[in-house]
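Shown below: start07.txt, with compact mmCIF, C-alpha atoms and all ligand atoms.
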```txt
# COMPACT_ATOMS: atom_id res chain seq x y z
CA MET A 1 115.21 114.32 99.36
CA ASN A 2 111.91 115.02 101.05
CA ASP A 3 111.37 112.32 103.67
CA THR A 4 107.75 113.28 104.20
CA ILE A 5 106.74 111.90 100.83
CA THR A 6 107.00 108.35 102.07
CA ASP A 7 104.33 109.06 104.66
CA ARG A 8 101.67 110.13 102.24
CA ILE A 9 99.52 107.05 102.06
CA GLY A 10 95.98 107.79 101.04
CA GLY A 11 92.69 105.98 101.05
CA SER A 12 90.64 105.00 98.09
CA THR A 13 87.82 106.86 96.42
CA PRO A 14 85.16 105.80 93.96
CA ALA A 15 85.87 105.77 90.25
CA PRO A 16 86.00 109.23 88.67
CA SER A 17 82.85 110.35 86.97
CA GLY A 18 82.79 109.91 83.25
CA VAL A 19 84.49 106.53 83.33
CA PRO A 20 82.09 104.19 81.57
CA VAL A 21 81.48 100.69 82.84
CA SER A 22 81.05 97.78 80.47
CA SER A 23 81.16 94.04 80.88
CA GLY A 24 83.95 91.68 79.94
CA SER A 25 85.02 90.08 76.72
CA PRO A 26 86.03 86.44 76.39
CA ALA A 27 89.58 87.33 75.32
CA LEU A 28 91.41 86.88 78.61
CA ASP A 29 92.39 83.83 80.59
CA SER A 30 92.06 85.42 84.04
CA ALA A 31 89.83 86.52 86.91
CA ALA A 32 88.76 89.11 84.40
CA LEU A 33 86.83 86.37 82.66
CA ASP A 34 84.15 86.40 85.34
CA GLY A 35 84.09 90.18 85.37
CA SER A 36 85.68 90.46 88.83
CA GLY A 37 88.84 92.25 87.65
CA ARG A 38 89.66 95.60 89.29
CA ILE A 39 91.57 98.68 88.17
CA LEU A 40 93.46 100.69 90.78
CA LEU A 41 93.91 104.17 89.39
CA ALA A 42 96.83 106.09 90.91
CA ALA A 43 96.34 109.74 91.85
CA PRO A 44 98.03 112.10 91.30
CA ARG A 45 98.79 111.12 87.73
CA GLY A 46 99.07 112.94 84.42
CA TYR A 47 99.65 116.62 83.79
CA CYS A 48 101.81 118.57 86.21
CA ALA A 49 101.77 122.35 86.50
CA GLY A 50 104.86 122.75 84.30
CA VAL A 51 103.41 120.69 81.46
CA ASP A 52 100.00 122.34 81.71
CA ARG A 53 101.72 125.73 81.43
CA ALA A 54 103.97 124.70 78.53
CA VAL A 55 101.08 123.34 76.46
CA ASP A 56 99.09 126.47 77.29
CA VAL A 57 102.00 128.62 76.08
CA VAL A 58 101.90 127.01 72.61
CA GLU A 59 98.10 127.15 72.42
CA LYS A 60 98.02 130.81 73.45
CA ALA A 61 100.86 131.67 71.05
CA LEU A 62 98.85 130.05 68.23
CA ASP A 63 95.75 132.05 69.26
CA LEU A 64 97.78 135.25 69.41
CA TYR A 65 100.06 135.03 66.39
CA GLY A 66 98.44 132.32 64.25
CA ALA A 67 100.28 129.41 62.65
CA PRO A 68 103.05 128.61 62.33
CA VAL A 69 104.51 128.86 65.79
CA TYR A 70 107.91 127.18 65.95
CA VAL A 71 108.76 125.06 68.97
CA ARG A 72 112.31 123.91 69.70
CA LYS A 73 112.15 120.17 70.57
CA GLU A 74 108.98 118.51 71.80
CA ILE A 75 107.19 121.01 74.01
CA VAL A 76 106.63 118.12 76.44
CA HIS A 77 107.62 114.50 75.97
CA ASN A 78 104.30 113.13 74.77
CA LYS A 79 103.56 111.93 71.26
CA TYR A 80 99.82 112.66 71.45
CA VAL A 81 100.33 116.23 72.69
CA VAL A 82 102.93 116.96 70.02
CA GLU A 83 100.70 115.57 67.26
CA SER A 84 97.69 117.52 68.56
CA LEU A 85 99.62 120.79 68.60
CA SER A 86 101.13 120.07 65.18
CA LYS A 87 97.62 119.80 63.78
CA ARG A 88 96.90 123.27 65.18
CA GLY A 89 99.93 124.78 63.47
CA ALA A 90 102.87 124.29 65.81
CA VAL A 91 106.06 123.37 63.94
CA PHE A 92 108.49 121.32 65.99
CA VAL A 93 112.19 121.70 65.16
CA GLN A 94 115.32 120.24 66.67
CA GLU A 95 117.36 123.43 66.70
CA VAL A 96 116.78 127.16 66.39
CA ASP A 97 118.83 127.14 63.17
CA GLU A 98 115.78 125.53 61.50
CA VAL A 99 113.53 128.46 62.46
CA PRO A 100 113.27 131.18 59.78
CA GLU A 101 115.13 134.35 60.76
CA GLY A 102 112.97 136.80 62.65
CA ALA A 103 110.27 134.21 63.42
CA ARG A 104 108.88 133.25 66.80
CA VAL A 105 110.09 130.22 68.75
CA VAL A 106 108.91 128.57 71.94
CA PHE A 107 111.44 126.81 74.16
CA SER A 108 110.16 123.57 75.66
CA ALA A 109 109.34 122.77 79.29
CA HIS A 110 112.70 121.00 79.66
CA GLY A 111 114.70 124.19 79.41
CA VAL A 112 117.58 125.33 77.21
CA SER A 113 121.17 126.28 77.74
CA PRO A 114 122.37 129.89 77.49
CA GLN A 115 123.99 128.94 74.17
CA VAL A 116 120.54 128.21 72.68
CA HIS A 117 119.27 131.61 73.85
CA GLU A 118 122.31 133.23 72.21
CA ARG A 119 121.77 131.41 68.91
CA ALA A 120 118.11 132.41 68.90
CA GLU A 121 119.05 136.03 69.50
CA ALA A 122 121.64 135.92 66.73
CA ARG A 123 118.91 134.81 64.31
CA GLY A 124 116.65 137.60 65.47
CA LEU A 125 114.07 135.15 66.81
CA ALA A 126 111.37 136.28 69.21
CA SER A 127 111.43 133.65 71.93
CA ILE A 128 108.85 132.55 74.45
CA ASP A 129 110.41 130.46 77.16
CA ALA A 130 108.12 127.67 78.39
CA THR A 131 110.82 126.18 80.62
CA CYS A 132 109.20 124.85 83.78
CA PRO A 133 110.01 127.18 86.68
CA LEU A 134 111.23 124.14 88.64
CA VAL A 135 113.80 123.44 85.93
CA THR A 136 114.80 127.12 85.95
CA LYS A 137 115.38 126.77 89.69
CA VAL A 138 117.96 124.02 89.03
CA HIS A 139 119.63 126.19 86.36
CA ARG A 140 119.97 128.99 88.93
CA GLU A 141 121.54 126.61 91.42
CA ALA A 142 124.07 125.52 88.80
CA VAL A 143 124.97 129.13 87.99
CA ARG A 144 125.31 130.05 91.64
CA PHE A 145 127.47 127.06 92.58
CA ALA A 146 129.66 127.58 89.51
CA LYS A 147 130.18 131.23 90.48
CA GLU A 148 131.31 130.01 93.88
CA ASP A 149 133.69 127.67 92.04
CA TYR A 150 132.29 124.36 93.31
CA ASP A 151 132.58 121.11 91.40
CA ILE A 152 128.96 120.29 90.57
CA ILE A 153 127.68 116.74 90.17
CA LEU A 154 124.51 116.79 88.09
CA VAL A 155 122.63 113.55 88.75
CA GLY A 156 120.66 112.90 85.59
CA HIS A 157 120.49 111.14 82.27
CA GLN A 158 123.13 112.06 79.72
CA GLY A 159 121.49 113.23 76.51
CA HIS A 160 118.17 114.23 78.10
CA GLU A 161 117.20 117.75 77.04
CA GLU A 162 116.83 118.97 80.60
CA VAL A 163 120.30 117.75 81.50
CA GLU A 164 121.78 119.35 78.37
CA GLY A 165 120.16 122.66 79.31
CA THR A 166 121.38 122.61 82.91
CA PHE A 167 124.84 121.41 81.92
CA GLY A 168 125.10 124.30 79.47
CA GLU A 169 124.82 126.79 82.33
CA ALA A 170 128.25 125.85 83.65
CA PRO A 171 129.96 123.21 81.50
CA ALA A 172 133.37 123.80 83.05
CA HIS A 173 132.05 123.00 86.54
CA ILE A 174 129.49 120.23 85.92
CA GLN A 175 129.89 116.46 85.61
CA VAL A 176 126.82 114.36 84.79
CA VAL A 177 126.31 111.14 86.74
CA GLY A 178 123.56 108.84 85.51
CA THR A 179 123.67 105.86 87.87
CA PRO A 180 125.16 104.93 91.25
CA ASP A 181 127.89 102.96 89.47
CA GLU A 182 129.02 106.04 87.58
CA VAL A 183 129.99 107.72 90.85
CA ASP A 184 133.33 105.89 90.78
CA ARG A 185 134.53 107.76 87.72
CA VAL A 186 133.90 111.24 89.15
CA GLU A 187 137.01 113.34 89.63
CA VAL A 188 136.98 116.63 91.50
CA ARG A 189 139.53 119.33 92.20
CA ASP A 190 138.81 119.69 95.92
CA PRO A 191 136.73 117.00 97.72
CA SER A 192 135.61 119.58 100.29
CA ARG A 193 133.97 121.74 97.62
CA VAL A 194 131.58 119.41 95.84
CA VAL A 195 127.84 119.94 95.47
CA TRP A 196 125.16 117.81 93.83
CA ILE A 197 122.07 118.88 91.96
CA SER A 198 119.70 116.77 89.85
CA GLN A 199 117.36 116.41 86.94
CA THR A 200 113.77 117.02 88.08
CA THR A 201 112.26 113.73 86.88
CA LEU A 202 114.44 111.02 88.42
CA SER A 203 113.57 108.06 90.59
CA VAL A 204 113.67 109.31 94.17
CA ASP A 205 115.11 106.03 95.45
CA GLU A 206 117.79 105.62 92.80
CA THR A 207 118.87 109.22 93.26
CA ARG A 208 119.16 108.65 96.99
CA GLU A 209 121.43 105.68 96.28
CA THR A 210 123.57 107.73 93.91
CA VAL A 211 123.89 110.52 96.45
CA GLU A 212 124.83 108.06 99.21
CA ARG A 213 127.59 106.71 96.95
CA LEU A 214 128.75 110.26 96.25
CA ARG A 215 128.78 111.06 99.96
CA ARG A 216 130.85 107.99 100.71
CA ARG A 217 133.44 109.33 98.26
CA PHE A 218 133.05 112.98 99.28
CA PRO A 219 131.91 113.15 102.94
CA GLU A 220 131.60 116.93 102.79
CA LEU A 221 129.26 116.76 99.80
CA ILE A 222 126.84 119.69 99.81
CA ASP A 223 123.12 119.15 99.13
CA PRO A 224 121.06 121.44 96.91
CA PRO A 225 119.09 124.04 98.87
CA SER A 226 115.84 122.15 98.25
CA ASP A 227 114.66 119.04 96.37
CA ASP A 228 115.46 119.19 92.68
CA ILE A 229 113.27 116.18 91.92
CA CYS A 230 110.02 118.05 91.51
CA TYR A 231 106.82 117.68 93.48
CA ALA A 232 104.99 116.11 90.52
CA THR A 233 107.62 113.43 89.95
CA GLN A 234 107.67 112.60 93.66
CA ASN A 235 103.89 112.53 94.01
CA ARG A 236 103.41 110.22 91.03
CA GLN A 237 106.05 107.84 92.34
CA VAL A 238 104.48 107.76 95.81
CA ALA A 239 101.07 107.00 94.31
CA VAL A 240 102.52 104.15 92.25
CA LYS A 241 104.44 102.75 95.22
CA THR A 242 101.24 102.75 97.23
CA ILE A 243 99.24 100.63 94.80
CA ALA A 244 102.05 98.52 93.29
CA PRO A 245 102.18 95.81 96.01
CA GLY A 246 98.54 94.94 95.31
CA VAL A 247 98.55 94.83 91.53
CA ASP A 248 99.28 92.00 89.13
CA VAL A 249 100.01 94.32 86.22
CA MET A 250 100.86 98.02 86.26
CA ILE A 251 100.17 100.09 83.16
CA VAL A 252 102.00 103.41 82.86
CA VAL A 253 100.71 105.70 80.13
CA GLY A 254 103.54 107.84 78.78
CA SER A 255 105.99 108.17 75.93
CA ALA A 256 109.31 106.36 75.70
CA ASN A 257 111.27 109.62 75.89
CA SER A 258 109.39 110.78 78.99
CA SER A 259 111.84 110.35 81.85
CA ASN A 260 109.25 110.49 84.60
CA SER A 261 107.02 107.94 82.81
CA VAL A 262 109.88 105.47 82.38
CA ARG A 263 110.78 105.94 86.05
CA LEU A 264 107.19 105.03 87.03
CA VAL A 265 107.62 101.61 85.40
CA GLU A 266 110.83 101.04 87.39
CA VAL A 267 109.25 102.26 90.62
CA ALA A 268 106.24 99.98 90.12
CA LEU A 269 108.42 96.90 89.67
CA GLU A 270 110.63 97.79 92.64
CA ALA A 271 107.54 98.31 94.80
CA GLY A 272 106.14 94.87 94.03
CA ALA A 273 103.93 95.05 90.95
CA GLY A 274 103.79 91.63 89.27
CA SER A 275 104.71 93.22 85.95
CA ALA A 276 104.71 96.72 84.51
CA TYR A 277 104.35 98.12 81.01
CA ARG A 278 104.58 101.58 79.49
CA VAL A 279 102.31 102.44 76.57
CA ASP A 280 101.70 105.63 74.65
CA MET A 281 98.04 104.79 74.28
CA ALA A 282 95.43 102.03 74.63
CA SER A 283 96.03 100.65 71.15
CA GLU A 284 99.48 99.43 72.30
CA LEU A 285 98.06 97.23 75.07
CA GLN A 286 98.33 93.46 74.58
CA GLU A 287 95.75 91.08 75.99
CA SER A 288 98.41 88.51 76.91
CA TRP A 289 99.81 90.92 79.52
CA PHE A 290 96.65 90.42 81.58
CA ASP A 291 96.45 86.63 81.51
CA GLY A 292 95.76 85.49 85.06
CA ALA A 293 95.50 89.05 86.36
CA SER A 294 92.85 90.16 88.85
CA VAL A 295 94.04 93.68 89.68
CA VAL A 296 95.53 96.16 87.21
CA GLY A 297 97.25 99.34 88.39
CA LEU A 298 97.08 102.38 86.15
CA THR A 299 98.95 105.66 86.17
CA SER A 300 100.35 108.21 83.72
CA GLY A 301 103.40 110.41 83.44
CA ALA A 302 103.43 114.15 84.01
CA SER A 303 103.06 114.95 80.31
CA VAL A 304 100.07 112.71 79.62
CA PRO A 305 96.57 114.05 78.89
CA GLU A 306 93.82 112.34 80.85
CA ILE A 307 92.00 111.24 77.68
CA LEU A 308 94.74 108.63 77.12
CA VAL A 309 94.16 107.18 80.59
CA ARG A 310 90.40 107.09 80.03
CA GLU A 311 90.94 105.13 76.84
CA VAL A 312 93.03 102.57 78.73
CA VAL A 313 90.29 102.31 81.35
CA GLN A 314 87.73 101.67 78.61
CA TRP A 315 89.99 99.06 76.98
CA LEU A 316 90.34 97.23 80.30
CA GLN A 317 86.67 97.50 81.13
CA ALA A 318 85.84 95.89 77.83
CA ARG A 319 88.03 92.96 78.87
CA GLY A 320 86.65 92.11 82.27
CA PHE A 321 88.01 94.78 84.62
CA PRO A 322 84.80 96.72 85.30
CA THR A 323 85.60 98.20 88.69
CA VAL A 324 87.71 101.33 88.92
CA GLU A 325 89.01 102.46 92.28
CA GLU A 326 91.06 105.66 92.52
CA VAL A 327 93.76 105.70 95.20
CA ARG A 328 94.81 109.25 95.97
CA THR A 329 97.97 109.92 97.94
CA GLU A 330 98.20 113.68 97.40
CA THR A 331 96.11 116.60 96.15
CA GLU A 332 98.10 118.99 93.99
CA THR A 333 97.38 122.69 93.85
CA THR A 334 100.59 124.02 92.24
CA THR A 335 100.17 126.39 89.28
CA PHE A 336 102.66 128.53 87.39
CA ALA A 337 102.15 131.89 85.71
CA LEU A 338 102.57 132.08 81.95
CA PRO A 339 105.86 133.64 80.77
CA ARG A 340 105.83 137.39 81.37
CA ASN A 341 106.30 138.42 77.72
CA LEU A 342 103.41 136.22 76.61
CA ARG A 343 101.15 137.55 79.34
CA SER A 344 101.91 141.13 78.35
CA GLU A 345 101.21 140.44 74.68
CA LEU A 346 97.97 138.64 75.47
CA ALA A 347 96.83 141.54 77.63
CA ALA A 348 97.85 144.05 74.94
CA HIS A 349 95.72 142.18 72.39
CA GLY A 350 92.76 141.88 74.70
CA LEU A 351 93.05 138.09 74.69
CA ALA A 352 93.62 137.82 78.42
CA ASP A 353 93.81 140.16 81.32
CA GLY A 354 97.43 139.33 82.02
CA ARG A 355 96.78 137.61 85.30
CA PRO A 356 98.89 134.60 86.20
CA HIS A 357 98.00 131.35 84.53
CA ALA A 358 95.18 129.37 86.08
CA PRO A 359 95.12 125.63 85.45
CA ARG A 360 92.47 124.35 83.11
CA LYS A 361 89.81 122.01 84.26
CA ALA A 362 90.68 118.51 83.09
CA GLY A 363 89.16 118.56 79.63
CA PRO A 364 88.91 115.71 77.19
CA ASP A 365 92.47 116.04 75.97
CA HIS A 366 94.07 119.09 77.63
CA THR A 367 95.03 120.43 74.24
CA SER A 368 91.90 122.20 73.13
S1 LIG A 401 107.68 117.16 85.75
FE1 LIG A 401 108.19 118.65 87.32
S2 LIG A 401 109.91 119.82 86.49
FE2 LIG A 401 108.97 118.71 84.78
S3 LIG A 401 107.50 120.16 83.93
FE3 LIG A 401 106.39 118.96 85.46
S4 LIG A 401 106.54 120.17 87.37
FE4 LIG A 401 108.08 120.94 85.95
```

Please, can you express the file's structure as structure tokens?
Ligand code: SF4
Amino acid sequence: MNDTITDRIGGSTPAPSGVPVSSGSPALDSAALDGSGRILLAAPRGYCAGVDRAVDVVEKALDLYGAPVYVRKEIVHNKYVVESLSKRGAVFVQEVDEVPEGARVVFSAHGVSPQVHERAEARGLASIDATCPLVTKVHREAVRFAKEDYDIILVGHQGHEEVEGTFGEAPAHIQVVGTPDEVDRVEVRDPSRVVWISQTTLSVDETRETVERLRRRFPELIDPPSDDICYATQNRQVAVKTIAPGVDVMIVVGSANSSNSVRLVEVALEAGAGSAYRVDMASELQESWFDGASVVGLTSGASVPEILVREVVQWLQARGFPTVEEVRTETETTTFALPRNLRSELAAHGLADGRPHAPRKAGPDHTS
């Protein structure tokens, strides 16, 4: 775990431009009634480099090849993004067996196991791999430790696509542990040859607890070469921890199957938020959540377009929370190149010059 993340406490900045201000409605029984309610907007929030790249992969594939472009699983775990891309011609499938033979398929940001690659090849599919490079890094660690015949403890959530993909790299060597309590059921061949790795989107604190439990059982436990919980997950959790003690209600924008979004709700509550709710979009907000509230915290998971946050801001501003204060704890500059085969094809068709991917400016919805 990266200890330095706990030191990144930032100041506050004015509300971002483009956030409209409107006066309150009579709907709430709170400080919001007199229009004195405040919104603390966590930063960083929203799209990470891996999600930005994955969405860009599907958009560029649609530009290049036209619809349909098949995508195995949700390209990123966000309902709005998936629906937006579906409207443009992306066809989301659960397995490569559903893709017509010889067609093109994009693998999602969460990564796939070698078995999925093999099945795609057997069907003659042309694949574009949008796996986040930080997930690929964990796959490589699993392969390397398995080659060295370690028992590998993969800390992560059973059934999550990322965990399935990593597990598939070395199923004979990997055991998945989801919570600290599950450590007790781990069995290894040689306690001196045990290593842990993790899903990229976990709670930093809960993972630390799980690893401490593992180390109590296996004192010679080996750490991964570097943090597996990615920079984006860590930064969003630090931002939420920073504002949580001062908020009555924390709103996390993100989908139910988004691991990092769900973790942000947990982190907010642990860090002292009065209450915390996850919503896909503003229409899911309930006025009763804000009864008696003066300060609302707001953040979004790594797969959430900024337009969804802006809509929540507008919803709150219309109900007596006119002031928006952004609290930034980190400035992110990470970007990832598009997959090599896609870059080459784009360059060959004169659609791009084949240079590494540059992040888009935050547009209205990140999907156009
Ligand atoms: S959350 Fe982290 S690992 Fe997942 S796509 Fe974003 S940068 Fe990559």

Residue with smallest distance to ligand LIG 401 (chain A) - pool A:Ala61, A:Leu316, A:Val76, A:Val186, counting only C-alpha atoms and all ligand atoms: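 Once distances to ligand LIG 401 (chain A) are computed over only C-alpha atoms and all ligand atoms, the minimum belongs to A:Val76.
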
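Around ligand LIG 401 (chain A), the neighbouring residues within 6 Å, taking only C-alpha atoms and all ligand atoms, come to Cys48, Ala49, Gly50, Val51, Ala109, Cys132, Leu134, Val135, Thr200, Thr201, Cys230, Ala232, Thr233 and Ala302 of chain A.
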
Write out as a compact mmCIF listing (two decimals) with C-alpha atoms, keeping the file's coordinate frame each polymer residue whose atoms come within 7 Å of region 273-285 of chain A, counting all atoms listed in the file; drop sequence neighbours fewer than 2 positions from it.
```txt
# COMPACT_ATOMS: atom_id res chain seq x y z
CA ALA A 244 102.05 98.52 93.29
CA PRO A 245 102.18 95.81 96.01
CA GLY A 246 98.54 94.94 95.31
CA VAL A 247 98.55 94.83 91.53
CA ASP A 248 99.28 92.00 89.13
CA VAL A 249 100.01 94.32 86.22
CA MET A 250 100.86 98.02 86.26
CA ILE A 251 100.17 100.09 83.16
CA VAL A 252 102.00 103.41 82.86
CA VAL A 253 100.71 105.70 80.13
CA GLY A 254 103.54 107.84 78.78
CA SER A 255 105.99 108.17 75.93
CA VAL A 265 107.62 101.61 85.40
CA ALA A 268 106.24 99.98 90.12
CA LEU A 269 108.42 96.90 89.67
CA ALA A 271 107.54 98.31 94.80
CA GLU A 287 95.75 91.08 75.99
CA LEU A 308 94.74 108.63 77.12
CA GLU A 311 90.94 105.13 76.84
CA VAL A 312 93.03 102.57 78.73
CA TRP A 315 89.99 99.06 76.98
```

Do you know which residues are at most 10 Å from region 152-157 of chain A counting all atoms listed in the file, after dropping those on the same chain fewer than 2 positions away, and could you put them as a PDB file with C-alpha atoms, in the coordinates of the input?
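Saved the output as around-v7.pdb:
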```pdb
ATOM      1  CA  VAL A 138     117.960 124.020  89.030  1.00  0.00           C
ATOM      2  CA  GLU A 141     121.540 126.610  91.420  1.00  0.00           C
ATOM      3  CA  ALA A 142     124.070 125.520  88.800  1.00  0.00           C
ATOM      4  CA  PHE A 145     127.470 127.060  92.580  1.00  0.00           C
ATOM      5  CA  ALA A 146     129.660 127.580  89.510  1.00  0.00           C
ATOM      6  CA  ASP A 149     133.690 127.670  92.040  1.00  0.00           C
ATOM      7  CA  TYR A 150     132.290 124.360  93.310  1.00  0.00           C
ATOM      8  CA  GLY A 159     121.490 113.230  76.510  1.00  0.00           C
ATOM      9  CA  HIS A 160     118.170 114.230  78.100  1.00  0.00           C
ATOM     10  CA  GLU A 161     117.200 117.750  77.040  1.00  0.00           C
ATOM     11  CA  GLU A 162     116.830 118.970  80.600  1.00  0.00           C
ATOM     12  CA  VAL A 163     120.300 117.750  81.500  1.00  0.00           C
ATOM     13  CA  GLU A 164     121.780 119.350  78.370  1.00  0.00           C
ATOM     14  CA  THR A 166     121.380 122.610  82.910  1.00  0.00           C
ATOM     15  CA  PHE A 167     124.840 121.410  81.920  1.00  0.00           C
ATOM     16  CA  ALA A 170     128.250 125.850  83.650  1.00  0.00           C
ATOM     17  CA  PRO A 171     129.960 123.210  81.500  1.00  0.00           C
ATOM     18  CA  ALA A 172     133.370 123.800  83.050  1.00  0.00           C
ATOM     19  CA  HIS A 173     132.050 123.000  86.540  1.00  0.00           C
ATOM     20  CA  ILE A 174     129.490 120.230  85.920  1.00  0.00           C
ATOM     21  CA  GLN A 175     129.890 116.460  85.610  1.00  0.00           C
ATOM     22  CA  VAL A 176     126.820 114.360  84.790  1.00  0.00           C
ATOM     23  CA  VAL A 177     126.310 111.140  86.740  1.00  0.00           C
ATOM     24  CA  GLY A 178     123.560 108.840  85.510  1.00  0.00           C
ATOM     25  CA  THR A 179     123.670 105.860  87.870  1.00  0.00           C
ATOM     26  CA  PRO A 180     125.160 104.930  91.250  1.00  0.00           C
ATOM     27  CA  GLU A 182     129.020 106.040  87.580  1.00  0.00           C
ATOM     28  CA  VAL A 183     129.990 107.720  90.850  1.00  0.00           C
ATOM     29  CA  VAL A 186     133.900 111.240  89.150  1.00  0.00           C
ATOM     30  CA  GLU A 187     137.010 113.340  89.630  1.00  0.00           C
ATOM     31  CA  VAL A 188     136.980 116.630  91.500  1.00  0.00           C
ATOM     32  CA  ARG A 193     133.970 121.740  97.620  1.00  0.00           C
ATOM     33  CA  VAL A 194     131.580 119.410  95.840  1.00  0.00           C
ATOM     34  CA  VAL A 195     127.840 119.940  95.470  1.00  0.00           C
ATOM     35  CA  TRP A 196     125.160 117.810  93.830  1.00  0.00           C
ATOM     36  CA  ILE A 197     122.070 118.880  91.960  1.00  0.00           C
ATOM     37  CA  SER A 198     119.700 116.770  89.850  1.00  0.00           C
ATOM     38  CA  GLN A 199     117.360 116.410  86.940  1.00  0.00           C
ATOM     39  CA  THR A 200     113.770 117.020  88.080  1.00  0.00           C
ATOM     40  CA  THR A 201     112.260 113.730  86.880  1.00  0.00           C
ATOM     41  CA  LEU A 202     114.440 111.020  88.420  1.00  0.00           C
ATOM     42  CA  SER A 203     113.570 108.060  90.590  1.00  0.00           C
ATOM     43  CA  THR A 207     118.870 109.220  93.260  1.00  0.00           C
ATOM     44  CA  THR A 210     123.570 107.730  93.910  1.00  0.00           C
ATOM     45  CA  VAL A 211     123.890 110.520  96.450  1.00  0.00           C
ATOM     46  CA  LEU A 214     128.750 110.260  96.250  1.00  0.00           C
ATOM     47  CA  LEU A 221     129.260 116.760  99.800  1.00  0.00           C
ATOM     48  CA  ILE A 222     126.840 119.690  99.810  1.00  0.00           C
ATOM     49  CA  ASP A 228     115.460 119.190  92.680  1.00  0.00           C
ATOM     50  CA  SER A 259     111.840 110.350  81.850  1.00  0.00           C
TER      51      SER A 259
END
```

Which residue gives the smallest distance to Pro219 (chain A) among A:Gly168, A:Gly124, A:Pro191, A:Pro133, with only C-alpha atoms counted? A:Pro191

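Taking all atoms listed in the file into account, Thr334 (chain A) lies nearest to A:Tyr231 out of the set A:Pro44, A:Tyr70, A:Glu101, A:Tyr231.
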
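Between CA of Asp34 (chain A) and CA of Val313 (chain A) lies a distance of 17.5 Å.
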
Set the distance at 10 Å and use only C-alpha atoms: which residues neighbour Leu342 (chain A) once local chain neighbours fewer than 5 positions away are removed? I'd like the list as a PyMOL selection string. chain A and resi 57+60-61+64+127-130+347-348+354
